[in-house]
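With mmCIF, C-alpha atoms and all ligand atoms inside, this is protein01.cif:
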```
data_work
#
loop_
_atom_site.group_PDB
_atom_site.id
_atom_site.type_symbol
_atom_site.label_atom_id
_atom_site.label_comp_id
_atom_site.auth_asym_id
_atom_site.auth_seq_id
_atom_site.Cartn_x
_atom_site.Cartn_y
_atom_site.Cartn_z
ATOM 1 C CA ALA A 85 -126.316 4.095 110.126
ATOM 2 C CA THR A 86 -122.650 4.693 109.549
ATOM 3 C CA PRO A 87 -121.582 8.115 108.335
ATOM 4 C CA THR A 88 -119.938 6.523 105.288
ATOM 5 C CA SER A 89 -123.021 4.667 104.087
ATOM 6 C CA ILE A 90 -125.080 7.799 104.519
ATOM 7 C CA MET A 91 -122.546 9.791 102.542
ATOM 8 C CA VAL A 92 -122.638 7.267 99.720
ATOM 9 C CA GLY A 93 -126.434 7.312 99.838
ATOM 10 C CA THR A 94 -126.765 11.043 99.771
ATOM 11 C CA GLY A 95 -124.224 11.259 96.938
ATOM 12 C CA ARG A 96 -126.346 8.859 94.873
ATOM 13 C CA ALA A 97 -129.408 10.925 95.747
ATOM 14 C CA ALA A 98 -127.760 14.069 94.416
ATOM 15 C CA GLU A 99 -127.446 12.326 91.064
ATOM 16 C CA LEU A 100 -131.203 11.789 91.181
ATOM 17 C CA GLY A 101 -131.768 15.479 91.830
ATOM 18 C CA VAL A 102 -132.504 14.877 95.511
ATOM 19 C CA LEU A 103 -130.563 17.126 97.852
ATOM 20 C CA PHE A 104 -130.346 16.188 101.526
ATOM 21 C CA ARG A 105 -130.223 19.212 103.806
ATOM 22 C CA LYS A 106 -130.359 17.334 107.117
ATOM 23 C CA GLY A 107 -128.125 14.418 108.041
ATOM 24 C CA ASP A 108 -130.829 12.145 109.449
ATOM 25 C CA ALA A 109 -133.210 12.500 106.490
ATOM 26 C CA LEU A 110 -132.402 9.037 105.120
ATOM 27 C CA GLU A 111 -133.198 7.462 108.473
ATOM 28 C CA GLN A 112 -136.426 9.441 108.849
ATOM 29 C CA LEU A 113 -137.571 8.566 105.369
ATOM 30 C CA GLN A 114 -137.664 4.817 105.856
ATOM 31 C CA GLY A 115 -140.113 5.196 108.750
ATOM 32 C CA VAL A 116 -142.591 7.285 106.753
ATOM 33 C CA ARG A 117 -146.070 5.756 106.379
ATOM 34 C CA LEU A 118 -147.887 8.559 104.546
ATOM 35 C CA VAL A 119 -146.777 11.245 102.114
ATOM 36 C CA ALA A 120 -148.885 14.424 102.219
ATOM 37 C CA PHE A 121 -148.670 16.890 99.360
ATOM 38 C CA ASP A 122 -149.496 20.559 99.060
ATOM 39 C CA LYS A 123 -151.690 20.947 95.967
ATOM 40 C CA THR A 124 -150.926 24.213 94.196
ATOM 41 C CA GLY A 125 -147.446 24.261 92.678
ATOM 42 C CA THR A 126 -146.593 20.833 94.073
ATOM 43 C CA LEU A 127 -149.077 18.403 92.501
ATOM 44 C CA THR A 128 -150.284 21.027 90.021
ATOM 45 C CA LYS A 129 -148.240 23.289 87.785
ATOM 46 C CA GLY A 130 -149.100 26.256 89.989
ATOM 47 C CA GLN A 131 -149.868 28.464 87.011
ATOM 48 C CA PRO A 132 -153.642 28.614 86.827
ATOM 49 C CA GLU A 133 -155.472 29.974 83.808
ATOM 50 C CA LEU A 134 -158.751 31.832 83.736
ATOM 51 C CA THR A 135 -161.459 29.559 82.302
ATOM 52 C CA ASP A 136 -164.797 31.077 83.355
ATOM 53 C CA PHE A 137 -166.005 34.563 84.140
ATOM 54 C CA VAL A 138 -169.757 34.804 84.662
ATOM 55 C CA THR A 139 -171.220 38.174 85.625
ATOM 56 C CA ALA A 140 -174.324 38.709 87.730
ATOM 57 C CA PRO A 141 -177.310 40.457 86.108
ATOM 58 C CA GLY A 142 -176.710 44.212 85.757
ATOM 59 C CA PHE A 143 -172.910 43.935 85.623
ATOM 60 C CA ASP A 144 -170.767 44.450 82.544
ATOM 61 C CA ARG A 145 -168.261 41.623 82.052
ATOM 62 C CA ALA A 146 -165.448 43.761 80.614
ATOM 63 C CA GLU A 147 -165.780 46.331 83.369
ATOM 64 C CA VAL A 148 -165.884 43.788 86.196
ATOM 65 C CA LEU A 149 -162.849 42.017 84.725
ATOM 66 C CA ARG A 150 -160.912 45.310 84.621
ATOM 67 C CA PHE A 151 -161.821 46.079 88.239
ATOM 68 C CA VAL A 152 -160.949 42.594 89.395
ATOM 69 C CA ALA A 153 -157.656 42.603 87.483
ATOM 70 C CA ALA A 154 -156.792 46.019 88.926
ATOM 71 C CA VAL A 155 -157.081 44.550 92.435
ATOM 72 C CA GLU A 156 -155.272 41.306 91.587
ATOM 73 C CA GLN A 157 -152.311 43.268 90.239
ATOM 74 C CA ALA A 158 -151.382 43.873 93.866
ATOM 75 C CA SER A 159 -151.757 40.211 94.903
ATOM 76 C CA GLU A 160 -149.081 37.520 94.853
ATOM 77 C CA HIS A 161 -151.501 34.603 94.782
ATOM 78 C CA PRO A 162 -151.205 32.382 91.665
ATOM 79 C CA ILE A 163 -154.876 33.148 90.940
ATOM 80 C CA ALA A 164 -153.972 36.825 90.585
ATOM 81 C CA ALA A 165 -151.570 36.245 87.716
ATOM 82 C CA ALA A 166 -154.270 34.311 85.830
ATOM 83 C CA ILE A 167 -156.698 37.215 86.102
ATOM 84 C CA VAL A 168 -154.192 39.914 85.215
ATOM 85 C CA ALA A 169 -153.081 37.913 82.160
ATOM 86 C CA ALA A 170 -156.683 37.662 80.987
ATOM 87 C CA ALA A 171 -157.382 41.396 81.229
ATOM 88 C CA ASP A 172 -155.948 43.518 78.462
ATOM 89 C CA GLY A 173 -155.260 47.213 78.210
ATOM 90 C CA ASP A 174 -154.381 49.688 80.908
ATOM 91 C CA LEU A 175 -155.897 48.805 84.237
ATOM 92 C CA PRO A 176 -157.334 51.326 86.681
ATOM 93 C CA ILE A 177 -155.394 52.003 89.878
ATOM 94 C CA ALA A 178 -156.296 50.029 92.998
ATOM 95 C CA GLU A 179 -156.032 51.747 96.389
ATOM 96 C CA LYS A 180 -156.251 50.507 99.967
ATOM 97 C CA PHE A 181 -155.344 46.957 98.973
ATOM 98 C CA GLY A 182 -155.666 44.260 101.577
ATOM 99 C CA ALA A 183 -155.279 40.477 101.575
ATOM 100 C CA ILE A 184 -156.767 37.992 104.017
ATOM 101 C CA ALA A 185 -154.696 34.811 103.817
ATOM 102 C CA GLY A 186 -156.831 31.853 102.759
ATOM 103 C CA TYR A 187 -159.817 34.046 101.948
ATOM 104 C CA GLY A 188 -158.990 36.559 99.231
ATOM 105 C CA VAL A 189 -158.245 40.209 98.521
ATOM 106 C CA ALA A 190 -159.956 43.612 98.422
ATOM 107 C CA ALA A 191 -159.173 47.129 97.233
ATOM 108 C CA THR A 192 -160.852 50.334 96.128
ATOM 109 C CA VAL A 193 -161.004 50.978 92.385
ATOM 110 C CA ALA A 194 -162.530 54.182 90.976
ATOM 111 C CA GLY A 195 -164.196 54.798 94.318
ATOM 112 C CA ARG A 196 -165.765 51.356 94.474
ATOM 113 C CA ARG A 197 -164.858 48.613 96.931
ATOM 114 C CA VAL A 198 -163.921 45.427 95.071
ATOM 115 C CA MET A 199 -163.662 42.160 96.994
ATOM 116 C CA ILE A 200 -162.432 38.910 95.435
ATOM 117 C CA GLY A 201 -162.126 35.504 97.008
ATOM 118 C CA ALA A 202 -163.402 32.119 98.091
ATOM 119 C CA ASP A 203 -166.969 31.350 99.134
ATOM 120 C CA ARG A 204 -165.949 31.651 102.782
ATOM 121 C CA LEU A 205 -164.883 35.286 102.193
ATOM 122 C CA MET A 206 -168.273 36.110 100.702
ATOM 123 C CA GLN A 207 -170.054 34.300 103.534
ATOM 124 C CA ARG A 208 -168.022 36.254 106.052
ATOM 125 C CA ARG A 209 -169.159 39.495 104.390
ATOM 126 C CA LYS A 210 -172.784 38.300 104.164
ATOM 127 C CA ILE A 211 -172.799 38.255 100.378
ATOM 128 C CA ASP A 212 -175.193 35.652 99.023
ATOM 129 C CA ILE A 213 -173.468 33.448 96.448
ATOM 130 C CA THR A 214 -176.295 30.947 96.016
ATOM 131 C CA PRO A 215 -177.226 32.358 92.565
ATOM 132 C CA PHE A 216 -173.962 30.829 91.306
ATOM 133 C CA GLY A 217 -174.072 27.775 93.576
ATOM 134 C CA SER A 218 -174.819 25.026 91.078
ATOM 135 C CA GLU A 219 -172.593 26.526 88.373
ATOM 136 C CA ALA A 220 -169.687 26.787 90.829
ATOM 137 C CA ALA A 221 -170.246 23.218 92.024
ATOM 138 C CA ARG A 222 -170.246 21.964 88.441
ATOM 139 C CA LEU A 223 -166.935 23.725 87.709
ATOM 140 C CA ALA A 224 -165.361 22.504 90.951
ATOM 141 C CA ALA A 225 -166.350 18.915 90.141
ATOM 142 C CA THR A 226 -164.099 19.163 87.064
ATOM 143 C CA GLY A 227 -161.162 20.333 89.204
ATOM 144 C CA LYS A 228 -161.478 24.058 88.518
ATOM 145 C CA THR A 229 -161.322 26.557 91.381
ATOM 146 C CA PRO A 230 -164.398 28.795 91.542
ATOM 147 C CA PHE A 231 -164.317 32.082 93.447
ATOM 148 C CA TYR A 232 -166.297 35.295 93.511
ATOM 149 C CA ALA A 233 -166.073 39.054 93.043
ATOM 150 C CA ALA A 234 -168.280 41.595 94.797
ATOM 151 C CA ILE A 235 -168.468 45.318 94.092
ATOM 152 C CA ASP A 236 -169.753 47.634 96.807
ATOM 153 C CA GLY A 237 -171.120 44.643 98.681
ATOM 154 C CA GLU A 238 -173.006 43.230 95.713
ATOM 155 C CA LEU A 239 -172.187 39.908 94.044
ATOM 156 C CA ALA A 240 -170.721 40.837 90.621
ATOM 157 C CA ALA A 241 -169.148 37.690 89.190
ATOM 158 C CA MET A 242 -168.293 34.038 89.613
ATOM 159 C CA ILE A 243 -164.843 33.285 88.259
ATOM 160 C CA ALA A 244 -163.004 30.008 87.771
ATOM 161 C CA VAL A 245 -159.385 29.108 87.124
ATOM 162 C CA SER A 246 -157.862 25.812 86.127
ATOM 163 C CA ASP A 247 -154.464 24.679 87.357
ATOM 164 C CA PRO A 248 -153.581 21.425 85.575
ATOM 165 C CA VAL A 249 -151.748 18.639 87.392
ATOM 166 C CA LYS A 250 -148.075 18.081 86.576
ATOM 167 C CA SER A 251 -147.497 15.340 84.041
ATOM 168 C CA ASP A 252 -145.678 13.127 86.562
ATOM 169 C CA SER A 253 -147.994 13.562 89.570
ATOM 170 C CA ALA A 254 -150.222 10.538 88.932
ATOM 171 C CA ALA A 255 -147.218 8.260 88.348
ATOM 172 C CA ALA A 256 -145.519 9.507 91.517
ATOM 173 C CA ILE A 257 -148.658 8.783 93.579
ATOM 174 C CA ALA A 258 -149.084 5.329 92.038
ATOM 175 C CA ALA A 259 -145.430 4.502 92.760
ATOM 176 C CA LEU A 260 -145.802 5.530 96.413
ATOM 177 C CA HIS A 261 -148.857 3.280 96.736
ATOM 178 C CA ALA A 262 -146.942 0.422 95.132
ATOM 179 C CA ALA A 263 -144.218 0.972 97.728
ATOM 180 C CA GLY A 264 -146.837 0.510 100.466
ATOM 181 C CA LEU A 265 -147.304 4.145 101.455
ATOM 182 C CA GLN A 266 -150.494 6.163 101.799
ATOM 183 C CA THR A 267 -150.954 9.572 100.203
ATOM 184 C CA ALA A 268 -152.780 12.765 101.143
ATOM 185 C CA MET A 269 -153.389 16.251 99.774
ATOM 186 C CA ILE A 270 -153.535 19.340 101.997
ATOM 187 C CA THR A 271 -154.912 22.506 100.387
ATOM 188 C CA GLY A 272 -156.623 25.820 100.987
ATOM 189 C CA ASP A 273 -158.672 25.266 97.875
ATOM 190 C CA ASN A 274 -162.325 24.354 98.136
ATOM 191 C CA ALA A 275 -163.327 20.806 99.002
ATOM 192 C CA ARG A 276 -165.025 19.874 95.726
ATOM 193 C CA THR A 277 -162.081 21.068 93.629
ATOM 194 C CA ALA A 278 -159.616 19.257 95.877
ATOM 195 C CA GLN A 279 -161.675 16.043 95.749
ATOM 196 C CA ALA A 280 -161.787 16.178 91.946
ATOM 197 C CA ILE A 281 -158.034 16.604 91.640
ATOM 198 C CA ALA A 282 -157.309 13.962 94.275
ATOM 199 C CA ALA A 283 -159.566 11.551 92.361
ATOM 200 C CA GLN A 284 -157.683 12.294 89.115
ATOM 201 C CA LEU A 285 -154.426 11.409 90.854
ATOM 202 C CA GLY A 286 -155.683 8.510 92.980
ATOM 203 C CA ILE A 287 -154.768 10.223 96.263
ATOM 204 C CA ASP A 288 -156.099 8.478 99.395
ATOM 205 C CA HIS A 289 -156.904 11.344 101.775
ATOM 206 C CA VAL A 290 -157.950 14.959 101.163
ATOM 207 C CA VAL A 291 -157.818 17.793 103.672
ATOM 208 C CA ALA A 292 -159.273 20.888 101.971
ATOM 209 C CA GLU A 293 -160.239 24.476 102.839
ATOM 210 C CA VAL A 294 -157.299 24.568 105.221
ATOM 211 C CA LEU A 295 -156.235 28.051 106.267
ATOM 212 C CA PRO A 296 -152.518 28.756 105.728
ATOM 213 C CA LYS A 297 -151.844 28.430 109.449
ATOM 214 C CA GLY A 298 -153.865 25.207 109.624
ATOM 215 C CA LYS A 299 -151.524 23.106 107.510
ATOM 216 C CA VAL A 300 -149.500 21.935 110.522
ATOM 217 C CA GLU A 301 -152.669 20.898 112.346
ATOM 218 C CA ALA A 302 -153.841 18.971 109.267
ATOM 219 C CA LEU A 303 -150.497 17.216 109.154
ATOM 220 C CA GLU A 304 -150.599 16.329 112.856
ATOM 221 C CA SER A 305 -154.016 14.779 112.478
ATOM 222 C CA LEU A 306 -152.814 12.682 109.526
ATOM 223 C CA ARG A 307 -149.848 11.601 111.632
ATOM 224 C CA ALA A 308 -152.101 10.656 114.539
ATOM 225 C CA GLN A 309 -154.150 8.439 112.217
ATOM 226 C CA HIS A 310 -151.509 6.945 109.952
ATOM 227 C CA GLY A 311 -148.045 7.201 111.517
ATOM 228 C CA ALA A 312 -144.921 9.072 110.443
ATOM 229 C CA VAL A 313 -145.652 11.619 107.712
ATOM 230 C CA ALA A 314 -143.610 13.249 104.991
ATOM 231 C CA PHE A 315 -144.841 16.568 103.598
ATOM 232 C CA VAL A 316 -144.034 17.837 100.115
ATOM 233 C CA GLY A 317 -144.546 21.546 99.430
ATOM 234 C CA ASP A 318 -143.248 24.588 97.612
ATOM 235 C CA GLY A 319 -144.763 27.731 99.112
ATOM 236 C CA ILE A 320 -144.069 30.203 101.901
ATOM 237 C CA ASN A 321 -147.233 28.856 103.545
ATOM 238 C CA ASP A 322 -145.772 25.363 103.471
ATOM 239 C CA ALA A 323 -142.717 26.195 105.574
ATOM 240 C CA PRO A 324 -144.294 25.389 108.985
ATOM 241 C CA ALA A 325 -145.641 22.042 107.701
ATOM 242 C CA LEU A 326 -142.270 21.200 106.131
ATOM 243 C CA ALA A 327 -140.632 21.808 109.491
ATOM 244 C CA ALA A 328 -143.322 19.947 111.474
ATOM 245 C CA ALA A 329 -143.399 16.833 109.280
ATOM 246 C CA ASP A 330 -141.280 13.810 110.212
ATOM 247 C CA LEU A 331 -139.664 14.540 106.877
ATOM 248 C CA GLY A 332 -140.103 17.758 104.891
ATOM 249 C CA LEU A 333 -139.475 17.696 101.155
ATOM 250 C CA ALA A 334 -139.361 21.020 99.309
ATOM 251 C CA ILE A 335 -139.719 21.475 95.584
ATOM 252 C CA GLY A 336 -136.458 22.955 94.274
ATOM 253 C CA THR A 337 -138.318 25.475 92.138
ATOM 254 C CA GLY A 338 -140.292 26.626 95.194
ATOM 255 C CA THR A 339 -139.733 29.517 97.568
ATOM 256 C CA ASP A 340 -136.507 29.940 99.548
ATOM 257 C CA VAL A 341 -138.428 29.777 102.819
ATOM 258 C CA ALA A 342 -139.814 26.358 101.900
ATOM 259 C CA ILE A 343 -136.382 25.072 100.907
ATOM 260 C CA GLU A 344 -134.817 26.331 104.114
ATOM 261 C CA SER A 345 -137.480 24.553 106.187
ATOM 262 C CA ALA A 346 -137.080 21.211 104.433
ATOM 263 C CA ASP A 347 -134.969 18.135 105.214
ATOM 264 C CA LEU A 348 -134.709 17.247 101.576
ATOM 265 C CA VAL A 349 -135.049 19.166 98.302
ATOM 266 C CA LEU A 350 -136.368 17.775 95.014
ATOM 267 C CA MET A 351 -134.180 19.923 92.802
ATOM 268 C CA SER A 352 -136.009 19.691 89.488
ATOM 269 C CA GLY A 353 -139.484 19.747 90.996
ATOM 270 C CA ASP A 354 -139.918 16.207 89.690
ATOM 271 C CA LEU A 355 -142.131 14.279 92.122
ATOM 272 C CA LYS A 356 -140.500 10.996 91.109
ATOM 273 C CA GLY A 357 -137.706 12.199 93.388
ATOM 274 C CA VAL A 358 -139.864 11.314 96.405
ATOM 275 C CA LEU A 359 -139.812 7.656 95.460
ATOM 276 C CA ALA A 360 -136.166 7.726 94.426
ATOM 277 C CA ALA A 361 -135.295 9.082 97.861
ATOM 278 C CA LEU A 362 -137.463 6.458 99.551
ATOM 279 C CA HIS A 363 -135.853 3.567 97.682
ATOM 280 C CA LEU A 364 -132.471 4.989 98.473
ATOM 281 C CA SER A 365 -133.209 5.236 102.166
ATOM 282 C CA ARG A 366 -134.547 1.700 102.287
ATOM 283 C CA ARG A 367 -131.473 0.432 100.476
ATOM 284 C CA VAL A 368 -128.955 2.380 102.494
ATOM 285 C CA MET A 369 -130.622 1.737 105.835
ATOM 286 C CA GLY A 370 -131.180 -1.920 104.860
ATOM 287 C CA ASN A 371 -127.463 -2.304 104.154
ATOM 288 C CA ILE A 372 -126.581 -0.950 107.526
ATOM 289 C CA ARG A 373 -128.812 -3.020 109.743
HETATM 290 P P1 LIG A 401 -154.150 27.587 98.035
HETATM 291 O O1 LIG A 401 -152.712 28.020 97.993
HETATM 292 O O2 LIG A 401 -154.330 26.127 98.300
HETATM 293 O O3 LIG A 401 -154.960 28.098 96.883
HETATM 294 P P2 LIG A 401 -154.853 29.773 99.782
HETATM 295 O O4 LIG A 401 -154.999 29.713 101.250
HETATM 296 O O5 LIG A 401 -153.744 30.581 99.208
HETATM 297 O O6 LIG A 401 -154.790 28.260 99.334
HETATM 298 O O7 LIG A 401 -156.197 30.305 99.123
HETATM 299 C C1 LIG A 401 -157.436 29.735 99.445
HETATM 300 C C2 LIG A 401 -158.519 30.307 98.580
HETATM 301 O O8 LIG A 401 -158.647 31.717 98.841
HETATM 302 C C3 LIG A 401 -158.246 30.234 97.081
HETATM 303 O O9 LIG A 401 -158.610 28.987 96.541
HETATM 304 C C4 LIG A 401 -159.136 31.361 96.572
HETATM 305 O O10 LIG A 401 -160.476 30.933 96.479
HETATM 306 C C5 LIG A 401 -159.037 32.399 97.675
HETATM 307 N N1 LIG A 401 -158.026 33.424 97.338
HETATM 308 C C6 LIG A 401 -156.861 33.656 97.977
HETATM 309 N N2 LIG A 401 -156.189 34.666 97.402
HETATM 310 C C7 LIG A 401 -156.938 35.078 96.344
HETATM 311 C C8 LIG A 401 -156.783 36.072 95.325
HETATM 312 N N3 LIG A 401 -155.715 36.873 95.257
HETATM 313 N N4 LIG A 401 -157.776 36.192 94.416
HETATM 314 C C9 LIG A 401 -158.857 35.391 94.462
HETATM 315 N N5 LIG A 401 -159.052 34.440 95.381
HETATM 316 C C10 LIG A 401 -158.108 34.279 96.316
HETATM 317 MG MG MG A 402 -148.097 25.399 96.748
#
```
Write the structure described by the file as structure tokens, please.
Ligand code: ADP
Ligand code: MG
Amino acid sequence: ATPTSIMVGTGRAAELGVLFRKGDALEQLQGVRLVAFDKTGTLTKGQPELTDFVTAPGFDRAEVLRFVAAVEQASEHPIAAAIVAAADGDLPIAEKFGAIAGYGVAATVAGRRVMIGADRLMQRRKIDITPFGSEAARLAATGKTPFYAAIDGELAAMIAVSDPVKSDSAAAIAALHAAGLQTAMITGDNARTAQAIAAQLGIDHVVAEVLPKGKVEALESLRAQHGAVAFVGDGINDAPALAAADLGLAIGTGTDVAIESADLVLMSGDLKGVLAALHLSRRVMGNIR
């Protein structure tokens, strides 16, 4: 590729809201066989809303919600904002807050230990969640994310949030397929939820229940099976995968760390930019050869 043709190409891309951060991104892009997406905030809006809050026998819903919201006030996970928004009034103070990435959070509220998180967190702490098993599975099958709250080691509630897909996600996936590429979703969310959302969008491959530090490994295994991979993400957790991918595309509305790790930035967060960039690279590189 000549420097001039690349300059013309990247200038055109800027008009499409695609910002090239690395010089060889156009060349890398044309070799990509599979585009893997982060789920939350990339394919979905990333602003979940509380949809279900089912308490276990003997627990008061309003009280459990206040305790849970008190803990989530200290968390930066998108789920936390959904819970805090749903709880009204002054919340009690949470002390000794701790977060386990990919699992959940815990803190002490009014002398009681409150733990909130995914099924794997509860399993790790030997808390039996089977009483909510079928209800949680039903919610997950509709694309909601179920998780649990325990108070003093006792299962207190099953909670679900819904994070709708962006309006252009399905079209972006379909366009990539039409261009001959495969698609994948990599997420820390539970497998049933991820499957449901992938099915809604027509995504080919799903890697779910991935720990934050496992995203790179997930990407490498997709690469081993399918060839050169692009990864599209927005979060702090996505930075290593953005750097490890053959081509990393960050969402412009995402975190600075993600943007700094990427080869290419989709400025508006519009996923159609992925295809625009691909067409551009094929055209520019095609002209050169
Ligand atoms: P993702 O960004 O794909 O949701 P994470 O690794 O951040 O993946 O989280 C994985 C799972 O851990 C979430 O789906 C949720 O069940 C649980 N979790 C993490 N943080 C919290 C939190 N603050 N409150 C409740 N659950 C949480
Ligand atoms: Mg994300």
(Q) Take the PyMOL selection byres (((chain A and resi 151) around 8) and not hetatm), run it mentally on this structure, and tell me the resulting residues as a PyMOL selection string. (A) chain A and resi 147-150+152-155+175-176+193+198
Q: Please provide the set of residues having any atom within 9 Å of Ala312 of chain A, restricted to only C-alpha atoms, with same-chain residues fewer than 6 positions apart removed, written as a ChimeraX atom specification.
A: /A:112-113,115-119,306,329-331
Q) Can you tell me which residues sit at most 9 Å away from ligand MG 402 (chain A), counting all atoms listed in the file, written as a ChimeraX atom specification? A) /A:121-128,130,271,317-322,338
(Q) Please identify all protein, DNA and RNA residues within 6 Å of ligand LIG 401 (chain A), counting only C-alpha atoms and all ligand atoms, and report them as an NGL selection string. (A) :A and (124 or 156 or 159 or 161 or 163-164 or 185-189 or 200-202 or 231 or 271-273 or 295-296)
Q.
List as an NGL selection string the protein and nucleic acid residues near Lys129 of chain A, meaning an atom at most 6 Å away when only C-alpha atoms are counted, but skip any in the same chain fewer than 2 places from it.
A. :A and (125 or 131 or 249-250)
Would you write out those residues with C-alpha atoms, as a PDB file, in the coordinates of the input?
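This is the output file selection.pdb:
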```pdb
ATOM      1  CA  GLY A 125    -147.446  24.261  92.678  1.00  0.00           C
ATOM      2  CA  GLN A 131    -149.868  28.464  87.011  1.00  0.00           C
ATOM      3  CA  VAL A 249    -151.748  18.639  87.392  1.00  0.00           C
ATOM      4  CA  LYS A 250    -148.075  18.081  86.576  1.00  0.00           C
TER       5      LYS A 250
END
```
(Q) Applying the PyMOL selection byres (((chain A and resi 212-226) around 6) and not hetatm) to the file I just gave you, which residues come out? Please list them as an NGL selection string. (A) :A and (211 or 227-230 or 276-277 or 280)
Q. Between A:Leu364, A:Pro162, A:Ala323, A:Met351, which is the closest to Gly336 of chain A once you count only C-alpha atoms?
A.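 Using only C-alpha atoms, the shortest distance to Gly336 of chain A belongs to A:Met351.
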Q) Do you know which residues are at most 8 Å from Leu359 of chain A counting all atoms listed in the file, after dropping those on the same chain fewer than 4 positions away, and could you put them as a ChimeraX atom specification? A) /A:256,259-260,355,363
Residue by residue, what does the PyMOL selection byres (((chain A and resi 344) around 10) and not hetatm) grab here? Present the result as a tab-separated table (two decimals) with C-alpha atoms, keeping the file's coordinate frame.
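The resulting selection_23.tsv:
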```
chain	number	residue	atom	x	y	z
A	105	ARG	CA	-130.22	19.21	103.81
A	323	ALA	CA	-142.72	26.20	105.57
A	326	LEU	CA	-142.27	21.20	106.13
A	327	ALA	CA	-140.63	21.81	109.49
A	334	ALA	CA	-139.36	21.02	99.31
A	339	THR	CA	-139.73	29.52	97.57
A	340	ASP	CA	-136.51	29.94	99.55
A	341	VAL	CA	-138.43	29.78	102.82
A	342	ALA	CA	-139.81	26.36	101.90
A	343	ILE	CA	-136.38	25.07	100.91
A	345	SER	CA	-137.48	24.55	106.19
A	346	ALA	CA	-137.08	21.21	104.43
A	347	ASP	CA	-134.97	18.14	105.21
A	348	LEU	CA	-134.71	17.25	101.58
A	349	VAL	CA	-135.05	19.17	98.30
```
Q: Excluding Ala254 of chain A and any residue of its chain fewer than 2 positions from it, enumerate the residues within 8 Å of it, using all atoms listed in the file, and give them as a list in words.
A: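 Non-adjacent residues within range: Ser251, Asp252, Ala256, Ile257, Ala258, Gln284, Leu285 and Gly286 of chain A.
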Q: Find the distance between atom CA of Lys180 of chain A and atom CA of Gly142 of chain A and write it in Å to one decimal.
A: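 Going from atom CA of Lys180 of chain A over to atom CA of Gly142 of chain A, I get 25.7 Å.
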Q. Taking only C-alpha atoms into account, which of A:Ala234, A:Leu205, A:Ile184, A:Ala120 comes nearest His310 of chain A?
A.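 The shortest atom-to-atom distance to His310 of chain A comes from A:Ala120.
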Q: Point out the residue among A:Val358, A:Ala190, A:Ala241, A:Ala183 with the least atom-to-atom distance to Thr139 of chain A, counting only C-alpha atoms.
A: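 When distances to Thr139 of chain A are compared using only C-alpha atoms, the smallest one comes from A:Ala241.
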Q) Between A:Ala240, A:His261, A:Arg366, A:Ala325, which has the minimum distance to Arg145 of chain A (counting only C-alpha atoms)? A)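 Closest to Arg145 of chain A of all the choices is A:Ala240.
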